[in-house]
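Have a look at the structure below, then the notes.
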Amino acid sequence: MKQFLFVSLLSFAAAVGCKDSKPDSERPNEKVVKEAKASQNYSLIQGTWRNVADTLSTLVFKDSTTTNYYEGLDTGKTVVYSIGNSCQNNLRVTTTEEDKYISTGGTTGECYYIEQLDDDNLVMRFMGADILLRFIRVQ
């Protein structure tokens, strides 16, 4: 079980851990960012979230980027993300639901399905490997 959690954490860290090195032409356009900011999930996800499986790991969602911290230190891993109705990369996800998918930019192009998002909890499924990740909001 510990090995599974370790692999899960590494997968998520890899997903949010790659800096967005794409040129401006490959980043989300201004219209997409404005539409994302209007969504309820975009507003709810803003802030700091602590990983339930590894309490030393936190994610900070600020505007259209997320940054990974470990033991309170910035790991230098910031990635652009968007929230939408489907995955914005090449994953073959055939269902769509309003504002339930987090797509990351950068070289990884990951996608997460939001299972639960409220004032205190963020539970998302990494679509590439069907891994469930749980976070609680840091007050």
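Convention: chains lettered A, B, ... in structure tokens order; per-chain residue numbering from 1; ligands numbered from 1 as shown.
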
List as CSV every residue of region 40-70 of chain A that is in contact with region 105-127 of chain A, defined as an atom at most 8 Å from one of its atoms (using only C-alpha atoms), together with the nearest atom pair and the distance in Å rounded to one decimal, sorted by chain and then rising number.
```
residue,atom,partner,partner_atom,distance
A:Asn41,CA,A:Leu117,CA,7.2
A:Leu44,CA,A:Asp118,CA,6.5
A:Ile45,CA,A:Leu117,CA,7.3
A:Trp49,CA,A:Leu122,CA,7.7
```

Those same residues - all heavy atoms - I'd like them written as an mmCIF file, in the first residue's frame.
```
data_model
loop_
_atom_site.group_PDB
_atom_site.id
_atom_site.type_symbol
_atom_site.label_atom_id
_atom_site.label_comp_id
_atom_site.auth_asym_id
_atom_site.auth_seq_id
_atom_site.Cartn_x
_atom_site.Cartn_y
_atom_site.Cartn_z
ATOM 1 N N ASN A 41 -15.927 26.036 -9.959
ATOM 2 C CA ASN A 41 -14.795 25.212 -9.541
ATOM 3 C C ASN A 41 -13.486 25.986 -9.591
ATOM 4 O O ASN A 41 -12.605 25.785 -8.766
ATOM 5 C CB ASN A 41 -14.712 23.935 -10.368
ATOM 6 C CG ASN A 41 -15.712 22.909 -9.908
ATOM 7 O OD1 ASN A 41 -16.255 22.991 -8.810
ATOM 8 N ND2 ASN A 41 -15.981 21.923 -10.750
ATOM 9 N N LEU A 44 -13.464 27.920 -6.392
ATOM 10 C CA LEU A 44 -13.303 27.051 -5.219
ATOM 11 C C LEU A 44 -11.890 26.494 -5.081
ATOM 12 O O LEU A 44 -11.407 26.301 -3.965
ATOM 13 C CB LEU A 44 -14.279 25.878 -5.284
ATOM 14 C CG LEU A 44 -15.662 26.100 -4.725
ATOM 15 C CD1 LEU A 44 -16.553 24.897 -5.021
ATOM 16 C CD2 LEU A 44 -15.615 26.356 -3.226
ATOM 17 N N ILE A 45 -11.231 26.222 -6.177
ATOM 18 C CA ILE A 45 -9.920 25.562 -6.109
ATOM 19 C C ILE A 45 -8.801 26.515 -5.686
ATOM 20 O O ILE A 45 -7.748 26.074 -5.228
ATOM 21 C CB ILE A 45 -9.584 24.870 -7.448
ATOM 22 C CG1 ILE A 45 -8.639 23.697 -7.198
ATOM 23 C CG2 ILE A 45 -9.022 25.854 -8.456
ATOM 24 C CD1 ILE A 45 -8.486 22.766 -8.366
ATOM 25 N N TRP A 49 -3.728 23.634 -0.666
ATOM 26 C CA TRP A 49 -4.282 22.306 -0.403
ATOM 27 C C TRP A 49 -3.180 21.363 0.074
ATOM 28 O O TRP A 49 -2.134 21.260 -0.557
ATOM 29 C CB TRP A 49 -4.919 21.746 -1.669
ATOM 30 C CG TRP A 49 -6.061 22.571 -2.162
ATOM 31 C CD1 TRP A 49 -5.993 23.622 -3.037
ATOM 32 C CD2 TRP A 49 -7.424 22.447 -1.797
ATOM 33 N NE1 TRP A 49 -7.244 24.143 -3.236
ATOM 34 C CE2 TRP A 49 -8.144 23.438 -2.490
ATOM 35 C CE3 TRP A 49 -8.116 21.588 -0.949
ATOM 36 C CZ2 TRP A 49 -9.514 23.591 -2.358
ATOM 37 C CZ3 TRP A 49 -9.484 21.739 -0.829
ATOM 38 C CH2 TRP A 49 -10.171 22.731 -1.520
#
```

For Leu56 (chain A), find every residue with an atom within 8 Å (counting only C-alpha atoms), except residues of its own chain fewer than 3 positions away, and show them as a PyMOL selection string. chain A and resi 50-51+70-72

For the residues in that selection, give me C-alpha atoms as a JSON list (two decimals), in the first residue's frame.
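Saved to out10.json:
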```json
[["chain", "number", "residue", "atom", "x", "y", "z"],
["A", 50, "ARG", "CA", -2.46, 19.70, 1.73],
["A", 51, "ASN", "CA", -2.06, 16.16, 0.40],
["A", 70, "TYR", "CA", 7.23, 20.24, 0.02],
["A", 71, "GLU", "CA", 7.90, 20.82, 3.72],
["A", 72, "GLY", "CA", 6.83, 24.42, 3.11]]
```

Distance query Glu97 (chain A) at most 9 Å, only C-alpha atoms, self and fewer than 4 positions along chain excluded, as a compact mmCIF listing (two decimals) with C-alpha atoms, in the first residue's frame:
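See part_9.txt below for the written result:
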```txt
# COMPACT_ATOMS: atom_id res chain seq x y z
CA GLY A 84 -13.09 22.76 -18.40
CA ASN A 85 -15.72 20.34 -19.61
CA SER A 86 -13.24 17.78 -20.95
CA TYR A 101 -11.63 18.43 -15.67
```

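Of all the residues in region 23-135 of chain A, the ones DSSP labels as alpha helix (DSSP H) from the backbone are Glu30, Lys31, Val32, Val33, Lys34, Glu35, Ala36, Lys37, Gln40, Asn41, Tyr42, Ser43, Leu44 and Ile45 of chain A.
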
For the selection you just gave me, I'd like the residues written to a file as an mmCIF file, in the first residue's frame, keeping C-alpha atoms.
```cif
data_model
loop_
_atom_site.group_PDB
_atom_site.id
_atom_site.type_symbol
_atom_site.label_atom_id
_atom_site.label_comp_id
_atom_site.auth_asym_id
_atom_site.auth_seq_id
_atom_site.Cartn_x
_atom_site.Cartn_y
_atom_site.Cartn_z
ATOM 1 C CA GLU A 30 -6.932 34.704 -23.000
ATOM 2 C CA LYS A 31 -10.535 33.786 -23.880
ATOM 3 C CA VAL A 32 -10.151 30.290 -22.377
ATOM 4 C CA VAL A 33 -8.598 31.731 -19.214
ATOM 5 C CA LYS A 34 -11.423 34.280 -18.836
ATOM 6 C CA GLU A 35 -14.059 31.557 -19.283
ATOM 7 C CA ALA A 36 -12.314 29.340 -16.733
ATOM 8 C CA LYS A 37 -12.231 32.156 -14.193
ATOM 9 C CA GLN A 40 -17.476 27.918 -9.720
ATOM 10 C CA ASN A 41 -14.795 25.212 -9.541
ATOM 11 C CA TYR A 42 -12.145 27.709 -10.631
ATOM 12 C CA SER A 43 -13.095 29.943 -7.698
ATOM 13 C CA LEU A 44 -13.303 27.051 -5.219
ATOM 14 C CA ILE A 45 -9.920 25.562 -6.109
#
```

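Compared by their closest atoms to Arg137 (chain A), and using only C-alpha atoms, the residues A:Ser82, A:Ser39, A:Thr58, A:Asn68 rank with A:Thr58 nearest.
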
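Pairwise distance (CA of Lys62 (chain A), CA of Thr48 (chain A)) equals 8.7 Å.
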
In region 70-132 of chain A, what's strand (DSSP E) per DSSP? Answer as a PDB file with all heavy atoms, in the first residue's frame?
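Writing done, so here's result_1.pdb:
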```pdb
ATOM      1  N   TYR A  70       6.956  21.402  -0.817  1.00  0.00           N
ATOM      2  CA  TYR A  70       7.231  20.240   0.019  1.00  0.00           C
ATOM      3  C   TYR A  70       7.946  20.726   1.270  1.00  0.00           C
ATOM      4  O   TYR A  70       8.921  21.463   1.180  1.00  0.00           O
ATOM      5  CB  TYR A  70       8.071  19.188  -0.720  1.00  0.00           C
ATOM      6  CG  TYR A  70       7.974  17.850  -0.045  1.00  0.00           C
ATOM      7  CD1 TYR A  70       6.889  17.021  -0.304  1.00  0.00           C
ATOM      8  CD2 TYR A  70       8.904  17.441   0.885  1.00  0.00           C
ATOM      9  CE1 TYR A  70       6.755  15.798   0.339  1.00  0.00           C
ATOM     10  CE2 TYR A  70       8.780  16.225   1.531  1.00  0.00           C
ATOM     11  CZ  TYR A  70       7.711  15.406   1.261  1.00  0.00           C
ATOM     12  OH  TYR A  70       7.570  14.208   1.906  1.00  0.00           O
ATOM     13  N   LEU A  73       8.575  24.419   1.429  1.00  0.00           N
ATOM     14  CA  LEU A  73       9.502  25.040   0.482  1.00  0.00           C
ATOM     15  C   LEU A  73       8.996  24.878  -0.944  1.00  0.00           C
ATOM     16  O   LEU A  73       8.546  23.803  -1.341  1.00  0.00           O
ATOM     17  CB  LEU A  73      10.889  24.400   0.602  1.00  0.00           C
ATOM     18  CG  LEU A  73      11.552  24.499   1.979  1.00  0.00           C
ATOM     19  CD1 LEU A  73      12.834  23.701   1.999  1.00  0.00           C
ATOM     20  CD2 LEU A  73      11.807  25.956   2.338  1.00  0.00           C
ATOM     21  N   ASP A  74       9.090  25.954  -1.699  1.00  0.00           N
ATOM     22  CA  ASP A  74       8.716  25.929  -3.103  1.00  0.00           C
ATOM     23  C   ASP A  74       9.651  24.978  -3.835  1.00  0.00           C
ATOM     24  O   ASP A  74      10.867  25.131  -3.789  1.00  0.00           O
ATOM     25  CB  ASP A  74       8.820  27.342  -3.681  1.00  0.00           C
ATOM     26  CG  ASP A  74       8.372  27.447  -5.120  1.00  0.00           C
ATOM     27  OD1 ASP A  74       8.254  26.413  -5.811  1.00  0.00           O
ATOM     28  OD2 ASP A  74       8.141  28.585  -5.554  1.00  0.00           O
ATOM     29  N   THR A  75       9.093  23.978  -4.491  1.00  0.00           N
ATOM     30  CA  THR A  75       9.916  23.006  -5.216  1.00  0.00           C
ATOM     31  C   THR A  75      10.362  23.545  -6.566  1.00  0.00           C
ATOM     32  O   THR A  75      11.091  22.876  -7.282  1.00  0.00           O
ATOM     33  CB  THR A  75       9.147  21.687  -5.436  1.00  0.00           C
ATOM     34  OG1 THR A  75       8.011  21.957  -6.250  1.00  0.00           O
ATOM     35  CG2 THR A  75       8.725  21.057  -4.118  1.00  0.00           C
ATOM     36  N   GLY A  76       9.908  24.751  -6.898  1.00  0.00           N
ATOM     37  CA  GLY A  76      10.247  25.322  -8.200  1.00  0.00           C
ATOM     38  C   GLY A  76       9.425  24.736  -9.322  1.00  0.00           C
ATOM     39  O   GLY A  76       9.742  24.902 -10.492  1.00  0.00           O
ATOM     40  N   LYS A  77       8.354  24.041  -8.965  1.00  0.00           N
ATOM     41  CA  LYS A  77       7.519  23.374  -9.957  1.00  0.00           C
ATOM     42  C   LYS A  77       6.171  24.079 -10.036  1.00  0.00           C
ATOM     43  O   LYS A  77       5.302  23.895  -9.205  1.00  0.00           O
ATOM     44  CB  LYS A  77       7.355  21.907  -9.595  1.00  0.00           C
ATOM     45  CG  LYS A  77       8.682  21.176  -9.592  1.00  0.00           C
ATOM     46  CD  LYS A  77       8.550  19.772  -9.115  1.00  0.00           C
ATOM     47  CE  LYS A  77       9.920  19.119  -9.126  1.00  0.00           C
ATOM     48  NZ  LYS A  77       9.901  17.779  -8.586  1.00  0.00           N
ATOM     49  N   THR A  78       6.026  24.887 -11.062  1.00  0.00           N
ATOM     50  CA  THR A  78       4.789  25.618 -11.305  1.00  0.00           C
ATOM     51  C   THR A  78       4.299  25.255 -12.696  1.00  0.00           C
ATOM     52  O   THR A  78       5.092  25.150 -13.624  1.00  0.00           O
ATOM     53  CB  THR A  78       5.019  27.140 -11.208  1.00  0.00           C
ATOM     54  OG1 THR A  78       5.464  27.441  -9.881  1.00  0.00           O
ATOM     55  CG2 THR A  78       3.747  27.907 -11.499  1.00  0.00           C
ATOM     56  N   VAL A  79       2.996  25.043 -12.810  1.00  0.00           N
ATOM     57  CA  VAL A  79       2.427  24.647 -14.100  1.00  0.00           C
ATOM     58  C   VAL A  79       1.121  25.413 -14.327  1.00  0.00           C
ATOM     59  O   VAL A  79       0.386  25.703 -13.394  1.00  0.00           O
ATOM     60  CB  VAL A  79       2.216  23.111 -14.156  1.00  0.00           C
ATOM     61  CG1 VAL A  79       1.144  22.649 -13.201  1.00  0.00           C
ATOM     62  CG2 VAL A  79       1.921  22.642 -15.546  1.00  0.00           C
ATOM     63  N   VAL A  80       0.863  25.744 -15.583  1.00  0.00           N
ATOM     64  CA  VAL A  80      -0.385  26.376 -15.979  1.00  0.00           C
ATOM     65  C   VAL A  80      -1.457  25.295 -16.036  1.00  0.00           C
ATOM     66  O   VAL A  80      -1.202  24.175 -16.469  1.00  0.00           O
ATOM     67  CB  VAL A  80      -0.239  27.048 -17.363  1.00  0.00           C
ATOM     68  CG1 VAL A  80      -1.576  27.554 -17.877  1.00  0.00           C
ATOM     69  CG2 VAL A  80       0.769  28.184 -17.293  1.00  0.00           C
ATOM     70  N   TYR A  81      -2.672  25.633 -15.579  1.00  0.00           N
ATOM     71  CA  TYR A  81      -3.773  24.684 -15.650  1.00  0.00           C
ATOM     72  C   TYR A  81      -5.034  25.409 -16.103  1.00  0.00           C
ATOM     73  O   TYR A  81      -5.114  26.639 -16.048  1.00  0.00           O
ATOM     74  CB  TYR A  81      -4.019  24.010 -14.288  1.00  0.00           C
ATOM     75  CG  TYR A  81      -4.714  24.912 -13.299  1.00  0.00           C
ATOM     76  CD1 TYR A  81      -6.105  24.867 -13.158  1.00  0.00           C
ATOM     77  CD2 TYR A  81      -4.008  25.828 -12.546  1.00  0.00           C
ATOM     78  CE1 TYR A  81      -6.747  25.725 -12.273  1.00  0.00           C
ATOM     79  CE2 TYR A  81      -4.644  26.673 -11.653  1.00  0.00           C
ATOM     80  CZ  TYR A  81      -6.021  26.613 -11.524  1.00  0.00           C
ATOM     81  OH  TYR A  81      -6.661  27.459 -10.654  1.00  0.00           O
ATOM     82  N   SER A  82      -6.004  24.631 -16.539  1.00  0.00           N
ATOM     83  CA  SER A  82      -7.319  25.178 -16.861  1.00  0.00           C
ATOM     84  C   SER A  82      -8.366  24.180 -16.390  1.00  0.00           C
ATOM     85  O   SER A  82      -8.100  22.984 -16.268  1.00  0.00           O
ATOM     86  CB  SER A  82      -7.463  25.446 -18.350  1.00  0.00           C
ATOM     87  OG  SER A  82      -7.360  24.244 -19.079  1.00  0.00           O
ATOM     88  N   ILE A  83      -9.555  24.689 -16.105  1.00  0.00           N
ATOM     89  CA  ILE A  83     -10.680  23.849 -15.709  1.00  0.00           C
ATOM     90  C   ILE A  83     -11.712  23.934 -16.827  1.00  0.00           C
ATOM     91  O   ILE A  83     -12.074  25.025 -17.264  1.00  0.00           O
ATOM     92  CB  ILE A  83     -11.276  24.303 -14.369  1.00  0.00           C
ATOM     93  CG1 ILE A  83     -10.244  24.108 -13.255  1.00  0.00           C
ATOM     94  CG2 ILE A  83     -12.563  23.533 -14.058  1.00  0.00           C
ATOM     95  CD1 ILE A  83     -10.702  24.568 -11.892  1.00  0.00           C
ATOM     96  N   GLY A  84     -12.149  22.764 -17.295  1.00  0.00           N
ATOM     97  CA  GLY A  84     -13.089  22.761 -18.401  1.00  0.00           C
ATOM     98  C   GLY A  84     -14.021  21.573 -18.378  1.00  0.00           C
ATOM     99  O   GLY A  84     -14.069  20.808 -17.408  1.00  0.00           O
ATOM    100  N   TYR A 101     -12.942  18.906 -15.258  1.00  0.00           N
ATOM    101  CA  TYR A 101     -11.628  18.432 -15.674  1.00  0.00           C
ATOM    102  C   TYR A 101     -10.578  19.517 -15.490  1.00  0.00           C
ATOM    103  O   TYR A 101     -10.769  20.655 -15.889  1.00  0.00           O
ATOM    104  CB  TYR A 101     -11.645  17.992 -17.141  1.00  0.00           C
ATOM    105  CG  TYR A 101     -12.518  16.785 -17.380  1.00  0.00           C
ATOM    106  CD1 TYR A 101     -13.864  16.928 -17.679  1.00  0.00           C
ATOM    107  CD2 TYR A 101     -11.987  15.510 -17.276  1.00  0.00           C
ATOM    108  CE1 TYR A 101     -14.670  15.817 -17.885  1.00  0.00           C
ATOM    109  CE2 TYR A 101     -12.786  14.391 -17.487  1.00  0.00           C
ATOM    110  CZ  TYR A 101     -14.126  14.553 -17.776  1.00  0.00           C
ATOM    111  OH  TYR A 101     -14.917  13.448 -17.977  1.00  0.00           O
ATOM    112  N   ILE A 102      -9.456  19.140 -14.881  1.00  0.00           N
ATOM    113  CA  ILE A 102      -8.302  20.024 -14.744  1.00  0.00           C
ATOM    114  C   ILE A 102      -7.268  19.541 -15.748  1.00  0.00           C
ATOM    115  O   ILE A 102      -6.813  18.403 -15.673  1.00  0.00           O
ATOM    116  CB  ILE A 102      -7.709  19.973 -13.324  1.00  0.00           C
ATOM    117  CG1 ILE A 102      -8.740  20.382 -12.280  1.00  0.00           C
ATOM    118  CG2 ILE A 102      -6.455  20.844 -13.238  1.00  0.00           C
ATOM    119  CD1 ILE A 102      -8.289  20.151 -10.836  1.00  0.00           C
ATOM    120  N   SER A 103      -6.935  20.387 -16.695  1.00  0.00           N
ATOM    121  CA  SER A 103      -5.909  20.060 -17.690  1.00  0.00           C
ATOM    122  C   SER A 103      -4.684  20.907 -17.406  1.00  0.00           C
ATOM    123  O   SER A 103      -4.796  22.111 -17.171  1.00  0.00           O
ATOM    124  CB  SER A 103      -6.418  20.359 -19.100  1.00  0.00           C
ATOM    125  OG  SER A 103      -7.531  19.552 -19.410  1.00  0.00           O
ATOM    126  N   THR A 104      -3.512  20.268 -17.408  1.00  0.00           N
ATOM    127  CA  THR A 104      -2.279  20.991 -17.143  1.00  0.00           C
ATOM    128  C   THR A 104      -1.542  21.259 -18.439  1.00  0.00           C
ATOM    129  O   THR A 104      -1.659  20.510 -19.408  1.00  0.00           O
ATOM    130  CB  THR A 104      -1.361  20.214 -16.183  1.00  0.00           C
ATOM    131  OG1 THR A 104      -0.947  18.992 -16.805  1.00  0.00           O
ATOM    132  CG2 THR A 104      -2.060  19.916 -14.868  1.00  0.00           C
ATOM    133  N   CYS A 111      -4.284  15.318 -17.194  1.00  0.00           N
ATOM    134  CA  CYS A 111      -5.689  15.634 -16.982  1.00  0.00           C
ATOM    135  C   CYS A 111      -6.172  14.953 -15.705  1.00  0.00           C
ATOM    136  O   CYS A 111      -5.816  13.804 -15.433  1.00  0.00           O
ATOM    137  CB  CYS A 111      -6.526  15.167 -18.173  1.00  0.00           C
ATOM    138  SG  CYS A 111      -8.267  15.638 -18.040  1.00  0.00           S
ATOM    139  N   TYR A 112      -6.962  15.695 -14.935  1.00  0.00           N
ATOM    140  CA  TYR A 112      -7.526  15.208 -13.676  1.00  0.00           C
ATOM    141  C   TYR A 112      -9.025  15.440 -13.696  1.00  0.00           C
ATOM    142  O   TYR A 112      -9.493  16.483 -14.157  1.00  0.00           O
ATOM    143  CB  TYR A 112      -6.913  15.943 -12.479  1.00  0.00           C
ATOM    144  CG  TYR A 112      -5.431  15.760 -12.383  1.00  0.00           C
ATOM    145  CD1 TYR A 112      -4.559  16.571 -13.105  1.00  0.00           C
ATOM    146  CD2 TYR A 112      -4.889  14.754 -11.613  1.00  0.00           C
ATOM    147  CE1 TYR A 112      -3.197  16.391 -13.042  1.00  0.00           C
ATOM    148  CE2 TYR A 112      -3.513  14.564 -11.538  1.00  0.00           C
ATOM    149  CZ  TYR A 112      -2.683  15.380 -12.259  1.00  0.00           C
ATOM    150  OH  TYR A 112      -1.326  15.194 -12.204  1.00  0.00           O
ATOM    151  N   TYR A 113      -9.779  14.469 -13.173  1.00  0.00           N
ATOM    152  CA  TYR A 113     -11.226  14.603 -13.054  1.00  0.00           C
ATOM    153  C   TYR A 113     -11.539  14.992 -11.613  1.00  0.00           C
ATOM    154  O   TYR A 113     -11.073  14.340 -10.671  1.00  0.00           O
ATOM    155  CB  TYR A 113     -11.921  13.291 -13.405  1.00  0.00           C
ATOM    156  CG  TYR A 113     -13.411  13.352 -13.211  1.00  0.00           C
ATOM    157  CD1 TYR A 113     -14.213  13.973 -14.157  1.00  0.00           C
ATOM    158  CD2 TYR A 113     -14.008  12.821 -12.082  1.00  0.00           C
ATOM    159  CE1 TYR A 113     -15.585  14.054 -13.982  1.00  0.00           C
ATOM    160  CE2 TYR A 113     -15.374  12.890 -11.897  1.00  0.00           C
ATOM    161  CZ  TYR A 113     -16.157  13.510 -12.842  1.00  0.00           C
ATOM    162  OH  TYR A 113     -17.513  13.598 -12.667  1.00  0.00           O
ATOM    163  N   ILE A 114     -12.316  16.036 -11.413  1.00  0.00           N
ATOM    164  CA  ILE A 114     -12.666  16.493 -10.068  1.00  0.00           C
ATOM    165  C   ILE A 114     -13.810  15.632  -9.533  1.00  0.00           C
ATOM    166  O   ILE A 114     -14.949  15.726  -9.984  1.00  0.00           O
ATOM    167  CB  ILE A 114     -13.080  17.984 -10.075  1.00  0.00           C
ATOM    168  CG1 ILE A 114     -11.928  18.850 -10.585  1.00  0.00           C
ATOM    169  CG2 ILE A 114     -13.521  18.415  -8.676  1.00  0.00           C
ATOM    170  CD1 ILE A 114     -12.307  20.305 -10.830  1.00  0.00           C
ATOM    171  N   GLU A 115     -13.478  14.756  -8.588  1.00  0.00           N
ATOM    172  CA  GLU A 115     -14.474  13.902  -7.945  1.00  0.00           C
ATOM    173  C   GLU A 115     -15.256  14.701  -6.905  1.00  0.00           C
ATOM    174  O   GLU A 115     -16.457  14.541  -6.765  1.00  0.00           O
ATOM    175  CB  GLU A 115     -13.784  12.716  -7.238  1.00  0.00           C
ATOM    176  CG  GLU A 115     -13.051  11.783  -8.158  1.00  0.00           C
ATOM    177  CD  GLU A 115     -13.956  10.724  -8.742  1.00  0.00           C
ATOM    178  OE1 GLU A 115     -15.060  10.493  -8.206  1.00  0.00           O
ATOM    179  OE2 GLU A 115     -13.559  10.121  -9.758  1.00  0.00           O
ATOM    180  N   GLN A 116     -14.532  15.542  -6.146  1.00  0.00           N
ATOM    181  CA  GLN A 116     -15.153  16.357  -5.102  1.00  0.00           C
ATOM    182  C   GLN A 116     -14.359  17.649  -4.960  1.00  0.00           C
ATOM    183  O   GLN A 116     -13.130  17.629  -4.927  1.00  0.00           O
ATOM    184  CB  GLN A 116     -15.165  15.612  -3.760  1.00  0.00           C
ATOM    185  CG  GLN A 116     -15.745  16.411  -2.618  1.00  0.00           C
ATOM    186  CD  GLN A 116     -15.644  15.697  -1.275  1.00  0.00           C
ATOM    187  OE1 GLN A 116     -15.109  14.598  -1.174  1.00  0.00           O
ATOM    188  NE2 GLN A 116     -16.157  16.321  -0.238  1.00  0.00           N
ATOM    189  N   LEU A 117     -15.056  18.760  -4.858  1.00  0.00           N
ATOM    190  CA  LEU A 117     -14.423  20.037  -4.605  1.00  0.00           C
ATOM    191  C   LEU A 117     -15.404  20.898  -3.832  1.00  0.00           C
ATOM    192  O   LEU A 117     -16.495  21.188  -4.321  1.00  0.00           O
ATOM    193  CB  LEU A 117     -14.017  20.728  -5.910  1.00  0.00           C
ATOM    194  CG  LEU A 117     -13.401  22.125  -5.785  1.00  0.00           C
ATOM    195  CD1 LEU A 117     -12.179  22.126  -4.872  1.00  0.00           C
ATOM    196  CD2 LEU A 117     -13.064  22.686  -7.153  1.00  0.00           C
ATOM    197  N   ASN A 121     -12.417  20.248   0.849  1.00  0.00           N
ATOM    198  CA  ASN A 121     -11.914  19.017   0.244  1.00  0.00           C
ATOM    199  C   ASN A 121     -11.718  19.151  -1.264  1.00  0.00           C
ATOM    200  O   ASN A 121     -12.544  19.744  -1.950  1.00  0.00           O
ATOM    201  CB  ASN A 121     -12.901  17.867   0.487  1.00  0.00           C
ATOM    202  CG  ASN A 121     -13.111  17.624   1.952  1.00  0.00           C
ATOM    203  OD1 ASN A 121     -12.261  17.074   2.622  1.00  0.00           O
ATOM    204  ND2 ASN A 121     -14.266  18.047   2.463  1.00  0.00           N
ATOM    205  N   LEU A 122     -10.626  18.554  -1.729  1.00  0.00           N
ATOM    206  CA  LEU A 122     -10.357  18.422  -3.155  1.00  0.00           C
ATOM    207  C   LEU A 122      -9.967  16.968  -3.390  1.00  0.00           C
ATOM    208  O   LEU A 122      -8.983  16.480  -2.840  1.00  0.00           O
ATOM    209  CB  LEU A 122      -9.218  19.344  -3.596  1.00  0.00           C
ATOM    210  CG  LEU A 122      -8.647  19.120  -4.999  1.00  0.00           C
ATOM    211  CD1 LEU A 122      -9.727  19.285  -6.071  1.00  0.00           C
ATOM    212  CD2 LEU A 122      -7.468  20.050  -5.260  1.00  0.00           C
ATOM    213  N   VAL A 123     -10.790  16.274  -4.155  1.00  0.00           N
ATOM    214  CA  VAL A 123     -10.499  14.895  -4.521  1.00  0.00           C
ATOM    215  C   VAL A 123     -10.531  14.852  -6.039  1.00  0.00           C
ATOM    216  O   VAL A 123     -11.530  15.222  -6.654  1.00  0.00           O
ATOM    217  CB  VAL A 123     -11.530  13.907  -3.935  1.00  0.00           C
ATOM    218  CG1 VAL A 123     -11.203  12.475  -4.351  1.00  0.00           C
ATOM    219  CG2 VAL A 123     -11.599  14.042  -2.413  1.00  0.00           C
ATOM    220  N   MET A 124      -9.404  14.430  -6.626  1.00  0.00           N
ATOM    221  CA  MET A 124      -9.332  14.374  -8.080  1.00  0.00           C
ATOM    222  C   MET A 124      -8.697  13.071  -8.532  1.00  0.00           C
ATOM    223  O   MET A 124      -7.877  12.491  -7.837  1.00  0.00           O
ATOM    224  CB  MET A 124      -8.595  15.583  -8.637  1.00  0.00           C
ATOM    225  CG  MET A 124      -7.234  15.821  -8.107  1.00  0.00           C
ATOM    226  SD  MET A 124      -6.635  17.409  -8.747  1.00  0.00           S
ATOM    227  CE  MET A 124      -5.194  17.604  -7.733  1.00  0.00           C
ATOM    228  N   ARG A 125      -9.130  12.638  -9.692  1.00  0.00           N
ATOM    229  CA  ARG A 125      -8.652  11.386 -10.277  1.00  0.00           C
ATOM    230  C   ARG A 125      -7.703  11.713 -11.420  1.00  0.00           C
ATOM    231  O   ARG A 125      -8.072  12.423 -12.356  1.00  0.00           O
ATOM    232  CB  ARG A 125      -9.837  10.576 -10.780  1.00  0.00           C
ATOM    233  CG  ARG A 125      -9.461   9.227 -11.345  1.00  0.00           C
ATOM    234  CD  ARG A 125     -10.669   8.366 -11.608  1.00  0.00           C
ATOM    235  NE  ARG A 125     -11.523   8.178 -10.459  1.00  0.00           N
ATOM    236  CZ  ARG A 125     -11.304   7.329  -9.452  1.00  0.00           C
ATOM    237  NH1 ARG A 125     -10.215   6.590  -9.465  1.00  0.00           N
ATOM    238  NH2 ARG A 125     -12.150   7.220  -8.464  1.00  0.00           N
ATOM    239  N   PHE A 126      -6.479  11.196 -11.320  1.00  0.00           N
ATOM    240  CA  PHE A 126      -5.505  11.344 -12.394  1.00  0.00           C
ATOM    241  C   PHE A 126      -5.952  10.425 -13.520  1.00  0.00           C
ATOM    242  O   PHE A 126      -5.994   9.206 -13.376  1.00  0.00           O
ATOM    243  CB  PHE A 126      -4.112  10.980 -11.886  1.00  0.00           C
ATOM    244  CG  PHE A 126      -3.049  10.964 -12.943  1.00  0.00           C
ATOM    245  CD1 PHE A 126      -2.891  12.026 -13.812  1.00  0.00           C
ATOM    246  CD2 PHE A 126      -2.189   9.890 -13.065  1.00  0.00           C
ATOM    247  CE1 PHE A 126      -1.915  12.022 -14.790  1.00  0.00           C
ATOM    248  CE2 PHE A 126      -1.194   9.868 -14.029  1.00  0.00           C
ATOM    249  CZ  PHE A 126      -1.064  10.938 -14.889  1.00  0.00           C
ATOM    250  N   ILE A 131      -5.696   7.198 -10.786  1.00  0.00           N
ATOM    251  CA  ILE A 131      -5.220   7.322  -9.403  1.00  0.00           C
ATOM    252  C   ILE A 131      -6.025   8.425  -8.720  1.00  0.00           C
ATOM    253  O   ILE A 131      -6.204   9.507  -9.271  1.00  0.00           O
ATOM    254  CB  ILE A 131      -3.721   7.672  -9.379  1.00  0.00           C
ATOM    255  CG1 ILE A 131      -2.911   6.540 -10.006  1.00  0.00           C
ATOM    256  CG2 ILE A 131      -3.256   7.971  -7.961  1.00  0.00           C
ATOM    257  CD1 ILE A 131      -1.466   6.892 -10.260  1.00  0.00           C
ATOM    258  N   LEU A 132      -6.522   8.134  -7.520  1.00  0.00           N
ATOM    259  CA  LEU A 132      -7.302   9.101  -6.759  1.00  0.00           C
ATOM    260  C   LEU A 132      -6.381   9.857  -5.811  1.00  0.00           C
ATOM    261  O   LEU A 132      -5.610   9.256  -5.060  1.00  0.00           O
ATOM    262  CB  LEU A 132      -8.392   8.373  -5.978  1.00  0.00           C
ATOM    263  CG  LEU A 132      -9.565   9.212  -5.505  1.00  0.00           C
ATOM    264  CD1 LEU A 132     -10.315   9.803  -6.690  1.00  0.00           C
ATOM    265  CD2 LEU A 132     -10.514   8.357  -4.670  1.00  0.00           C
TER     266      LEU A 132
END
```

With distances taken over only C-alpha atoms, the candidate from A:Asp54, A:Asp130, A:Gln46, A:Gln88 nearest Thr66 (chain A) is A:Gln46

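Going from CA of Arg134 (chain A) over to CA of Thr96 (chain A), you cover 21.9 Å.
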
My list of candidates is A:Gly128, A:Tyr69, A:Val60, A:Phe135. Which is closest to Asn89 (chain A) when distances are computed with only C-alpha atoms? A:Gly128
